[in-house]
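What's in start_38.pdb: PDB, C-alpha atoms
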```pdb
MODEL        1
ATOM      1  CA  MET A   1       0.000   0.000   0.000
ATOM      2  CA  THR A   2       2.998   2.289  -0.002
ATOM      3  CA  ASP A   3       3.676   1.928  -3.720
ATOM      4  CA  GLU A   4       3.285   5.304  -5.445
ATOM      5  CA  SER A   5       2.002   3.519  -8.571
ATOM      6  CA  ILE A   6      -0.968   1.814  -6.892
ATOM      7  CA  ASP A   7      -4.163   2.398  -8.853
ATOM      8  CA  VAL A   8      -6.796   3.910  -6.576
ATOM      9  CA  SER A   9      -9.376   4.705  -9.251
ATOM     10  CA  PRO A  10     -12.605   2.687  -9.317
ATOM     11  CA  ARG A  11     -12.756   0.217 -12.201
ATOM     12  CA  ARG A  12     -16.131   1.586 -13.229
ATOM     13  CA  ARG A  13     -17.929   4.815 -12.474
ATOM     14  CA  PRO A  14     -21.494   4.050 -11.371
ATOM     15  CA  VAL A  15     -23.980   5.549 -13.804
ATOM     16  CA  GLN A  16     -27.124   3.521 -13.329
ATOM     17  CA  ALA A  17     -28.973   3.642 -10.029
ATOM     18  CA  ARG A  18     -28.307  -0.044  -9.378
ATOM     19  CA  SER A  19     -24.557   0.390  -9.862
ATOM     20  CA  ARG A  20     -24.487   3.430  -7.590
ATOM     21  CA  GLU A  21     -26.357   1.452  -4.969
ATOM     22  CA  ARG A  22     -23.842  -1.395  -5.158
ATOM     23  CA  VAL A  23     -20.916   1.005  -4.809
ATOM     24  CA  ASN A  24     -22.591   2.642  -1.820
ATOM     25  CA  THR A  25     -23.127  -0.800  -0.293
ATOM     26  CA  ILE A  26     -19.478  -1.713  -0.781
ATOM     27  CA  LEU A  27     -18.226   1.525   0.756
ATOM     28  CA  GLN A  28     -20.657   1.352   3.655
ATOM     29  CA  HIS A  29     -19.669  -2.187   4.602
ATOM     30  CA  ALA A  30     -15.974  -1.544   4.012
ATOM     31  CA  ALA A  31     -16.124   1.481   6.312
ATOM     32  CA  GLY A  32     -17.713  -0.653   9.006
ATOM     33  CA  ILE A  33     -14.995  -3.299   8.755
ATOM     34  CA  PHE A  34     -12.222  -0.693   8.710
ATOM     35  CA  HIS A  35     -13.727   0.807  11.846
ATOM     36  CA  GLU A  36     -13.864  -2.549  13.636
ATOM     37  CA  GLN A  37     -10.689  -4.228  12.397
ATOM     38  CA  GLY A  38      -8.496  -1.490  10.982
ATOM     39  CA  VAL A  39      -7.510  -0.977   7.362
ATOM     40  CA  ASP A  40      -4.452  -3.232   7.338
ATOM     41  CA  SER A  41      -6.331  -6.193   8.835
ATOM     42  CA  THR A  42      -9.174  -6.020   6.320
ATOM     43  CA  SER A  43      -9.084  -8.137   3.167
ATOM     44  CA  MET A  44     -10.940  -7.732  -0.103
ATOM     45  CA  SER A  45     -12.563 -11.105   0.600
ATOM     46  CA  ALA A  46     -13.967  -9.813   3.887
ATOM     47  CA  ILE A  47     -15.361  -6.718   2.179
ATOM     48  CA  ALA A  48     -16.984  -8.835  -0.547
ATOM     49  CA  ARG A  49     -18.472 -11.226   1.978
ATOM     50  CA  GLN A  50     -19.850  -8.434   4.155
ATOM     51  CA  SER A  51     -21.256  -6.673   1.083
ATOM     52  CA  GLY A  52     -23.098  -9.810  -0.032
ATOM     53  CA  MET A  53     -21.271 -10.296  -3.316
ATOM     54  CA  SER A  54     -18.585 -12.473  -4.813
ATOM     55  CA  LEU A  55     -14.963 -11.395  -4.803
ATOM     56  CA  ALA A  56     -15.051 -11.259  -8.605
ATOM     57  CA  SER A  57     -18.001  -8.855  -8.457
ATOM     58  CA  LEU A  58     -16.162  -6.629  -5.996
ATOM     59  CA  TYR A  59     -13.139  -6.472  -8.294
ATOM     60  CA  ARG A  60     -15.377  -5.271 -11.103
ATOM     61  CA  TYR A  61     -15.945  -2.102  -9.082
ATOM     62  CA  PHE A  62     -12.610  -1.629  -7.301
ATOM     63  CA  PRO A  63      -9.189  -2.959  -8.370
ATOM     64  CA  ASN A  64      -7.814  -3.197  -4.818
ATOM     65  CA  LYS A  65      -8.349  -2.219  -1.197
ATOM     66  CA  ALA A  66      -6.476   1.050  -1.672
ATOM     67  CA  ALA A  67      -9.122   2.166  -4.175
ATOM     68  CA  ILE A  68     -11.868   1.476  -1.634
ATOM     69  CA  VAL A  69      -9.999   3.349   1.086
ATOM     70  CA  ASN A  70      -9.479   6.262  -1.280
ATOM     71  CA  ALA A  71     -13.172   6.364  -2.245
ATOM     72  CA  ILE A  72     -14.260   6.437   1.408
ATOM     73  CA  ALA A  73     -11.674   9.103   2.223
ATOM     74  CA  GLU A  74     -12.850  11.267  -0.681
ATOM     75  CA  ARG A  75     -16.389  11.114   0.665
ATOM     76  CA  HIS A  76     -15.126  12.109   4.108
ATOM     77  CA  VAL A  77     -13.288  15.117   2.694
ATOM     78  CA  GLU A  78     -16.266  16.263   0.619
ATOM     79  CA  LYS A  79     -18.645  15.902   3.550
ATOM     80  CA  MET A  80     -16.358  17.840   5.885
ATOM     81  CA  GLU A  81     -15.695  20.610   3.364
ATOM     82  CA  GLN A  82     -19.419  21.040   2.791
ATOM     83  CA  ALA A  83     -20.154  21.217   6.514
ATOM     84  CA  LEU A  84     -17.428  23.787   7.109
ATOM     85  CA  ARG A  85     -18.483  26.024   4.237
ATOM     86  CA  VAL A  86     -22.053  26.053   5.504
ATOM     87  CA  LYS A  87     -21.178  26.971   9.092
ATOM     88  CA  LEU A  88     -17.946  28.972   9.155
ATOM     89  CA  PRO A  89     -18.967  32.075   7.145
ATOM     90  CA  GLN A  90     -21.733  32.865   9.633
ATOM     91  CA  LEU A  91     -19.460  32.943  12.694
ATOM     92  CA  SER A  92     -16.881  35.162  14.334
ATOM     93  CA  LEU A  93     -13.304  33.920  14.165
ATOM     94  CA  SER A  94     -13.199  32.529  17.711
ATOM     95  CA  ASP A  95     -16.559  30.824  17.244
ATOM     96  CA  ALA A  96     -15.415  29.476  13.869
ATOM     97  CA  VAL A  97     -12.382  27.837  15.487
ATOM     98  CA  ASP A  98     -14.623  26.238  18.118
ATOM     99  CA  VAL A  99     -16.959  24.920  15.423
ATOM    100  CA  LEU A 100     -14.029  23.610  13.387
ATOM    101  CA  ILE A 101     -12.759  21.659  16.386
ATOM    102  CA  ASP A 102     -16.224  20.348  17.277
ATOM    103  CA  LEU A 103     -16.908  19.221  13.709
ATOM    104  CA  PHE A 104     -13.661  17.291  13.473
ATOM    105  CA  TYR A 105     -14.191  15.689  16.874
ATOM    106  CA  ASP A 106     -17.736  14.616  16.024
ATOM    107  CA  PHE A 107     -16.558  13.285  12.682
ATOM    108  CA  TYR A 108     -13.816  11.200  14.276
ATOM    109  CA  ARG A 109     -16.275   9.788  16.797
ATOM    110  CA  THR A 110     -19.341   9.165  14.636
ATOM    111  CA  GLU A 111     -18.219   8.581  11.053
ATOM    112  CA  PRO A 112     -17.336   4.909  10.475
ATOM    113  CA  ALA A 113     -13.684   4.374   9.557
ATOM    114  CA  TYR A 114     -12.777   8.087   9.636
ATOM    115  CA  SER A 115     -10.262   7.687  12.429
ATOM    116  CA  ALA A 116      -8.997   4.319  11.166
ATOM    117  CA  ILE A 117      -8.328   5.674   7.685
ATOM    118  CA  TRP A 118      -6.820   9.035   8.544
ATOM    119  CA  SER A 119      -4.687   7.704  11.378
ATOM    120  CA  GLY A 120      -2.826   5.663   8.769
ATOM    121  CA  VAL A 121      -2.545   8.448   6.229
ATOM    122  CA  GLU A 122       1.259   8.319   6.131
ATOM    123  CA  ALA A 123       1.146   4.715   4.906
ATOM    124  CA  MET A 124      -0.699   5.610   1.701
ATOM    125  CA  PRO A 125       0.713   8.238  -0.682
ATOM    126  CA  GLU A 126      -2.683   8.662  -2.334
ATOM    127  CA  LEU A 127      -4.265   9.474   1.027
ATOM    128  CA  ARG A 128      -1.553  12.005   1.771
ATOM    129  CA  GLN A 129      -2.732  13.937  -1.276
ATOM    130  CA  LEU A 130      -6.304  13.958   0.025
ATOM    131  CA  ASP A 131      -5.068  14.880   3.487
ATOM    132  CA  LEU A 132      -3.223  17.876   2.074
ATOM    133  CA  ARG A 133      -6.264  18.856   0.032
ATOM    134  CA  GLU A 134      -8.383  18.895   3.184
ATOM    135  CA  LEU A 135      -5.714  20.761   5.141
ATOM    136  CA  TYR A 136      -5.291  23.484   2.518
ATOM    137  CA  SER A 137      -9.039  23.833   2.071
ATOM    138  CA  ASN A 138      -9.493  24.434   5.798
ATOM    139  CA  ALA A 139      -6.449  26.706   5.874
ATOM    140  CA  ARG A 140      -7.778  28.869   3.042
ATOM    141  CA  ASP A 141     -11.070  29.333   4.885
ATOM    142  CA  LEU A 142      -9.291  30.358   8.094
ATOM    143  CA  ASP A 143      -6.853  32.582   6.221
ATOM    144  CA  ALA A 144      -9.732  34.445   4.586
ATOM    145  CA  ARG A 145     -11.371  34.961   7.967
ATOM    146  CA  LEU A 146      -8.137  36.192   9.553
ATOM    147  CA  GLN A 147      -7.597  38.615   6.691
ATOM    148  CA  GLU A 148     -11.143  39.895   7.049
ATOM    149  CA  GLU A 149     -10.974  40.464  10.810
ATOM    150  CA  TYR A 150      -7.277  41.408  11.085
ATOM    151  CA  PRO A 151      -6.252  43.042   7.789
ATOM    152  CA  ASP A 152      -2.956  44.329   9.240
ATOM    153  CA  LEU A 153      -1.726  40.859  10.133
ATOM    154  CA  PRO A 154       1.225  39.956   7.852
ATOM    155  CA  ALA A 155       0.257  37.467   5.169
ATOM    156  CA  ASP A 156       3.022  34.984   5.997
ATOM    157  CA  ARG A 157       2.094  34.813   9.686
ATOM    158  CA  ARG A 158      -1.584  34.606   8.816
ATOM    159  CA  TRP A 159      -1.064  31.677   6.450
ATOM    160  CA  THR A 160       1.231  29.874   8.897
ATOM    161  CA  ALA A 161      -1.423  30.137  11.591
ATOM    162  CA  SER A 162      -4.066  28.917   9.158
ATOM    163  CA  LEU A 163      -2.030  25.782   8.471
ATOM    164  CA  LEU A 164      -1.010  25.198  12.070
ATOM    165  CA  LEU A 165      -4.443  25.290  13.668
ATOM    166  CA  PRO A 166      -6.212  22.649  11.532
ATOM    167  CA  ARG A 167      -3.190  20.331  11.528
ATOM    168  CA  SER A 168      -2.577  20.470  15.276
ATOM    169  CA  ALA A 169      -6.299  20.194  15.996
ATOM    170  CA  GLY A 170      -6.592  17.100  13.806
ATOM    171  CA  THR A 171      -3.745  15.357  15.627
ATOM    172  CA  ILE A 172      -5.162  16.076  19.073
ATOM    173  CA  LEU A 173      -8.722  15.221  18.085
ATOM    174  CA  ARG A 174      -7.689  11.832  16.729
ATOM    175  CA  LEU A 175      -6.357  11.120  20.199
ATOM    176  CA  ALA A 176      -9.479  12.511  21.882
ATOM    177  CA  ALA A 177     -11.704  10.219  19.821
ATOM    178  CA  THR A 178      -9.920   7.163  21.239
ATOM    179  CA  LEU A 179     -10.472   8.185  24.867
ATOM    180  CA  PRO A 180     -13.515   7.639  27.091
ATOM    181  CA  ASP A 181     -16.136  10.322  26.447
ATOM    182  CA  GLU A 182     -15.403  12.356  29.579
ATOM    183  CA  GLN A 183     -11.663  12.486  28.901
ATOM    184  CA  GLY A 184     -12.217  13.168  25.216
ATOM    185  CA  VAL A 185     -14.472  16.140  25.932
ATOM    186  CA  LEU A 186     -11.922  17.580  28.372
ATOM    187  CA  LEU A 187      -9.174  17.260  25.773
ATOM    188  CA  VAL A 188     -11.350  19.012  23.190
ATOM    189  CA  GLN A 189     -12.007  21.855  25.622
ATOM    190  CA  GLU A 190      -8.281  22.253  26.229
ATOM    191  CA  MET A 191      -7.667  22.272  22.480
ATOM    192  CA  LYS A 192     -10.134  25.139  22.130
ATOM    193  CA  THR A 193      -8.406  27.037  24.936
ATOM    194  CA  MET A 194      -5.021  26.562  23.279
ATOM    195  CA  ALA A 195      -6.368  27.673  19.897
ATOM    196  CA  ARG A 196      -7.933  30.835  21.320
ATOM    197  CA  ALA A 197      -4.764  31.684  23.259
ATOM    198  CA  TYR A 198      -2.653  31.175  20.145
ATOM    199  CA  LEU A 199      -4.884  33.453  18.071
ATOM    200  CA  ASP A 200      -4.982  36.107  20.799
ATOM    201  CA  ASN A 201      -1.187  36.068  21.000
ATOM    202  CA  LEU A 202      -0.860  36.154  17.220
ATOM    203  CA  VAL A 203      -3.033  39.240  16.940
ATOM    204  CA  ALA A 204      -1.525  40.974  19.994
ATOM    205  CA  GLN A 205       2.011  40.734  18.607
ATOM    206  CA  ASP A 206       1.044  42.714  15.535
ATOM    207  CA  LYS A 207      -0.858  45.524  17.227
TER     208      LYS A 207
ENDMDL
END
```

Please lay out the structure from this file as structure tokens.
Amino acid sequence: MTDESIDVSPRRRPVQARSRERVNTILQHAAGIFHEQGVDSTSMSAIARQSGMSLASLYRYFPNKAAIVNAIAERHVEKMEQALRVKLPQLSLSDAVDVLIDLFYDFYRTEPAYSAIWSGVEAMPELRQLDLRELYSNARDLDARLQEEYPDLPADRRWTASLLLPRSAGTILRLAATLPDEQGVLLVQEMKTMARAYLDNLVAQDK
């Protein structure tokens, strides 16, 4: 799975409703197995069996497990980007950071396979590309908000902060999602406190 040349494109793009339904079934069951067993421990045979189809049928839709992982990850990214673009523009900067952290935490806790897939992002070059796409998308949104509220903040410091906050939050929230609920919530609260303090310090230094 670390080979840069691995094909992660579906073998066939679902056009008919029945084909789309089968792809959705595959991805839904694969996500469930990834969540329970981890990506590395899951075989194509297990995905086919859980999806109620033969292994040959599964291979008609996806050439390998990496392609299934990539398809699920793409859906995660699209869903998160949509949620952020709906909520962030309506909020102040500090509230937007809180919402960003809450959304990621909820996603890690409630979306099947999200944590399992993204925790192993370094093992798959194709996932690293998606990871960077998500990071830069979030960073651009935060950068635009910082520029709007603090126009005198130097562009290089603004962009650095916009990269740092989503990346550090993602790392901490992956940990929080593995903890008991009470501990996880406390860790999320501390992450919010750190983020606010960092932003306050960033702005204060340039006044």

Exercise for the section: Determine the residue membership of the PyMOL selection byres ((chain A and resi 138) around 10) for the file above and supply it as a list in words. Expected result: Met80, Glu81, Leu84, Arg85, Leu100, Leu132, Arg133, Glu134, Leu135, Tyr136, Ser137, Ala139, Arg140, Asp141, Leu142, Asp143, Ser162, Leu163, Leu165, Pro166 and Arg167 of chain A

Output file for the residues above (C-alpha atoms, as a short mmCIF file (atom, residue, chain, number, x, y, z; two decimals), keeping the file's coordinate frame):
```
data_model
loop_
_atom_site.label_atom_id
_atom_site.label_comp_id
_atom_site.auth_asym_id
_atom_site.auth_seq_id
_atom_site.Cartn_x
_atom_site.Cartn_y
_atom_site.Cartn_z
CA MET A 80 -16.36 17.84 5.88
CA GLU A 81 -15.70 20.61 3.36
CA LEU A 84 -17.43 23.79 7.11
CA ARG A 85 -18.48 26.02 4.24
CA LEU A 100 -14.03 23.61 13.39
CA LEU A 132 -3.22 17.88 2.07
CA ARG A 133 -6.26 18.86 0.03
CA GLU A 134 -8.38 18.90 3.18
CA LEU A 135 -5.71 20.76 5.14
CA TYR A 136 -5.29 23.48 2.52
CA SER A 137 -9.04 23.83 2.07
CA ALA A 139 -6.45 26.71 5.87
CA ARG A 140 -7.78 28.87 3.04
CA ASP A 141 -11.07 29.33 4.88
CA LEU A 142 -9.29 30.36 8.09
CA ASP A 143 -6.85 32.58 6.22
CA SER A 162 -4.07 28.92 9.16
CA LEU A 163 -2.03 25.78 8.47
CA LEU A 165 -4.44 25.29 13.67
CA PRO A 166 -6.21 22.65 11.53
CA ARG A 167 -3.19 20.33 11.53
#
```

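Between atom CA of A:Asp106 and atom CA of A:Arg128 the interatomic distance comes to 21.7 Å.
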
Handout entry: Long-range neighbours of stretch 27-35 of chain A as a PyMOL selection string, 8 Å cut-off, all atoms listed in the file, 5 positions minimum in chain
Key = chain A and resi 42+47+50-51+68+71-72+112-117

Fill in the blank from the handout: re atom CA of A:Ala67 and atom CA of A:Tyr108: distance 21.1 Å

Practice task
Go ahead and compute the interatomic distance for atom CA of A:Glu111 and atom CA of A:Ser92, in Å to one decimal.
Solution key: 26.8 Å

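Remark: for A:Thr171, the closest of the candidate residues A:Tyr59, A:Trp159, A:Trp118, A:Tyr150 is A:Trp118 (distances computed over all atoms listed in the file).
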
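Distances here use all atoms listed in the file; by that measure, the residue among A:Val23, A:Ala96, A:Leu202, A:Ala66 closest to A:Ser43 is A:Ala66.
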
Exercise for the section: Tell me which of A:Ala204, A:Ile101, A:Leu146, A:Leu58 sits closest to A:Ser19, counting all atoms listed in the file. Expected result: A:Leu58

Practice task
Please work out which residues fall within 12 Å of (-12.0, -9.7, -7.9), coordinates as given in the file, with all atoms listed in the file counting, and return them as an MDAnalysis selection string.
Solution key: chainID A and resid 11 43:49 53:65

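For the residues A:Ala161, A:Ile172, A:Ala177, A:Leu130, ranking by smallest atom-to-atom distance to A:Ala144 using only C-alpha atoms places A:Ala161 first.
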
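With distances taken over all atoms listed in the file, A:Leu173 is the one residue among A:Ala195, A:Val69, A:Leu93, A:Leu173 lying closest to A:Tyr105.
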
Problem - Closest of A:Ser41, A:Ser94, A:Asn70, A:Gln147 to A:Leu127 - atom-to-atom distances counting all atoms listed in the file - result: A:Asn70

How about completing stretch 47-58 of chain A with all heavy atoms and giving it to me as an mmCIF file, in the coordinates of the input?
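Okay, this is what ended up in part.cif:
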```cif
data_model
loop_
_atom_site.group_PDB
_atom_site.id
_atom_site.type_symbol
_atom_site.label_atom_id
_atom_site.label_comp_id
_atom_site.auth_asym_id
_atom_site.auth_seq_id
_atom_site.Cartn_x
_atom_site.Cartn_y
_atom_site.Cartn_z
ATOM 1 N N ILE A 47 -14.479 -7.782 2.664
ATOM 2 C CA ILE A 47 -15.361 -6.718 2.179
ATOM 3 C C ILE A 47 -16.430 -7.303 1.257
ATOM 4 O O ILE A 47 -17.613 -6.952 1.350
ATOM 5 C CB ILE A 47 -14.545 -5.633 1.451
ATOM 6 C CG1 ILE A 47 -13.609 -4.929 2.437
ATOM 7 C CG2 ILE A 47 -15.475 -4.615 0.786
ATOM 8 C CD1 ILE A 47 -12.623 -3.980 1.780
ATOM 9 N N ALA A 48 -16.026 -8.203 0.364
ATOM 10 C CA ALA A 48 -16.984 -8.835 -0.547
ATOM 11 C C ALA A 48 -18.024 -9.631 0.227
ATOM 12 O O ALA A 48 -19.231 -9.535 -0.041
ATOM 13 C CB ALA A 48 -16.241 -9.737 -1.531
ATOM 14 N N ARG A 49 -17.563 -10.393 1.184
ATOM 15 C CA ARG A 49 -18.472 -11.226 1.978
ATOM 16 C C ARG A 49 -19.468 -10.364 2.747
ATOM 17 O O ARG A 49 -20.668 -10.634 2.758
ATOM 18 C CB ARG A 49 -17.652 -12.091 2.936
ATOM 19 C CG ARG A 49 -18.466 -13.085 3.741
ATOM 20 C CD ARG A 49 -17.571 -14.112 4.409
ATOM 21 N NE ARG A 49 -16.525 -13.498 5.216
ATOM 22 C CZ ARG A 49 -15.235 -13.488 4.890
ATOM 23 N NH1 ARG A 49 -14.815 -14.044 3.760
ATOM 24 N NH2 ARG A 49 -14.340 -12.923 5.684
ATOM 25 N N GLN A 50 -18.979 -9.308 3.379
ATOM 26 C CA GLN A 50 -19.850 -8.434 4.155
ATOM 27 C C GLN A 50 -20.827 -7.674 3.258
ATOM 28 O O GLN A 50 -21.938 -7.345 3.674
ATOM 29 C CB GLN A 50 -19.001 -7.445 4.958
ATOM 30 C CG GLN A 50 -19.748 -6.678 6.029
ATOM 31 C CD GLN A 50 -20.150 -7.563 7.193
ATOM 32 O OE1 GLN A 50 -19.567 -8.620 7.416
ATOM 33 N NE2 GLN A 50 -21.168 -7.150 7.931
ATOM 34 N N SER A 51 -20.414 -7.418 2.026
ATOM 35 C CA SER A 51 -21.256 -6.673 1.083
ATOM 36 C C SER A 51 -22.243 -7.568 0.351
ATOM 37 O O SER A 51 -23.056 -7.082 -0.445
ATOM 38 C CB SER A 51 -20.375 -5.947 0.054
ATOM 39 O OG SER A 51 -19.484 -5.053 0.694
ATOM 40 N N GLY A 52 -22.159 -8.883 0.581
ATOM 41 C CA GLY A 52 -23.098 -9.810 -0.032
ATOM 42 C C GLY A 52 -22.854 -10.041 -1.506
ATOM 43 O O GLY A 52 -23.803 -10.212 -2.281
ATOM 44 N N MET A 53 -21.592 -10.061 -1.908
ATOM 45 C CA MET A 53 -21.271 -10.296 -3.316
ATOM 46 C C MET A 53 -20.021 -11.156 -3.417
ATOM 47 O O MET A 53 -19.296 -11.345 -2.431
ATOM 48 C CB MET A 53 -21.059 -8.971 -4.053
ATOM 49 C CG MET A 53 -19.880 -8.152 -3.562
ATOM 50 S SD MET A 53 -19.664 -6.599 -4.494
ATOM 51 C CE MET A 53 -21.189 -5.744 -4.089
ATOM 52 N N SER A 54 -19.784 -11.668 -4.600
ATOM 53 C CA SER A 54 -18.585 -12.473 -4.813
ATOM 54 C C SER A 54 -17.367 -11.566 -4.904
ATOM 55 O O SER A 54 -17.476 -10.359 -5.175
ATOM 56 C CB SER A 54 -18.713 -13.286 -6.099
ATOM 57 O OG SER A 54 -18.704 -12.427 -7.227
ATOM 58 N N LEU A 55 -16.198 -12.160 -4.690
ATOM 59 C CA LEU A 55 -14.963 -11.395 -4.803
ATOM 60 C C LEU A 55 -14.782 -10.872 -6.226
ATOM 61 O O LEU A 55 -14.327 -9.739 -6.433
ATOM 62 C CB LEU A 55 -13.774 -12.271 -4.399
ATOM 63 C CG LEU A 55 -12.406 -11.591 -4.324
ATOM 64 C CD1 LEU A 55 -12.426 -10.431 -3.339
ATOM 65 C CD2 LEU A 55 -11.334 -12.610 -3.928
ATOM 66 N N ALA A 56 -15.162 -11.690 -7.208
ATOM 67 C CA ALA A 56 -15.051 -11.259 -8.605
ATOM 68 C C ALA A 56 -15.920 -10.036 -8.869
ATOM 69 O O ALA A 56 -15.516 -9.107 -9.588
ATOM 70 C CB ALA A 56 -15.444 -12.402 -9.534
ATOM 71 N N SER A 57 -17.116 -10.008 -8.283
ATOM 72 C CA SER A 57 -18.001 -8.855 -8.457
ATOM 73 C C SER A 57 -17.393 -7.605 -7.827
ATOM 74 O O SER A 57 -17.462 -6.506 -8.397
ATOM 75 C CB SER A 57 -19.367 -9.135 -7.832
ATOM 76 O OG SER A 57 -20.031 -10.176 -8.514
ATOM 77 N N LEU A 58 -16.793 -7.771 -6.657
ATOM 78 C CA LEU A 58 -16.162 -6.629 -5.996
ATOM 79 C C LEU A 58 -15.045 -6.052 -6.859
ATOM 80 O O LEU A 58 -14.926 -4.830 -7.008
ATOM 81 C CB LEU A 58 -15.608 -7.059 -4.634
ATOM 82 C CG LEU A 58 -14.835 -5.993 -3.846
ATOM 83 C CD1 LEU A 58 -15.713 -4.783 -3.550
ATOM 84 C CD2 LEU A 58 -14.289 -6.588 -2.544
#
```
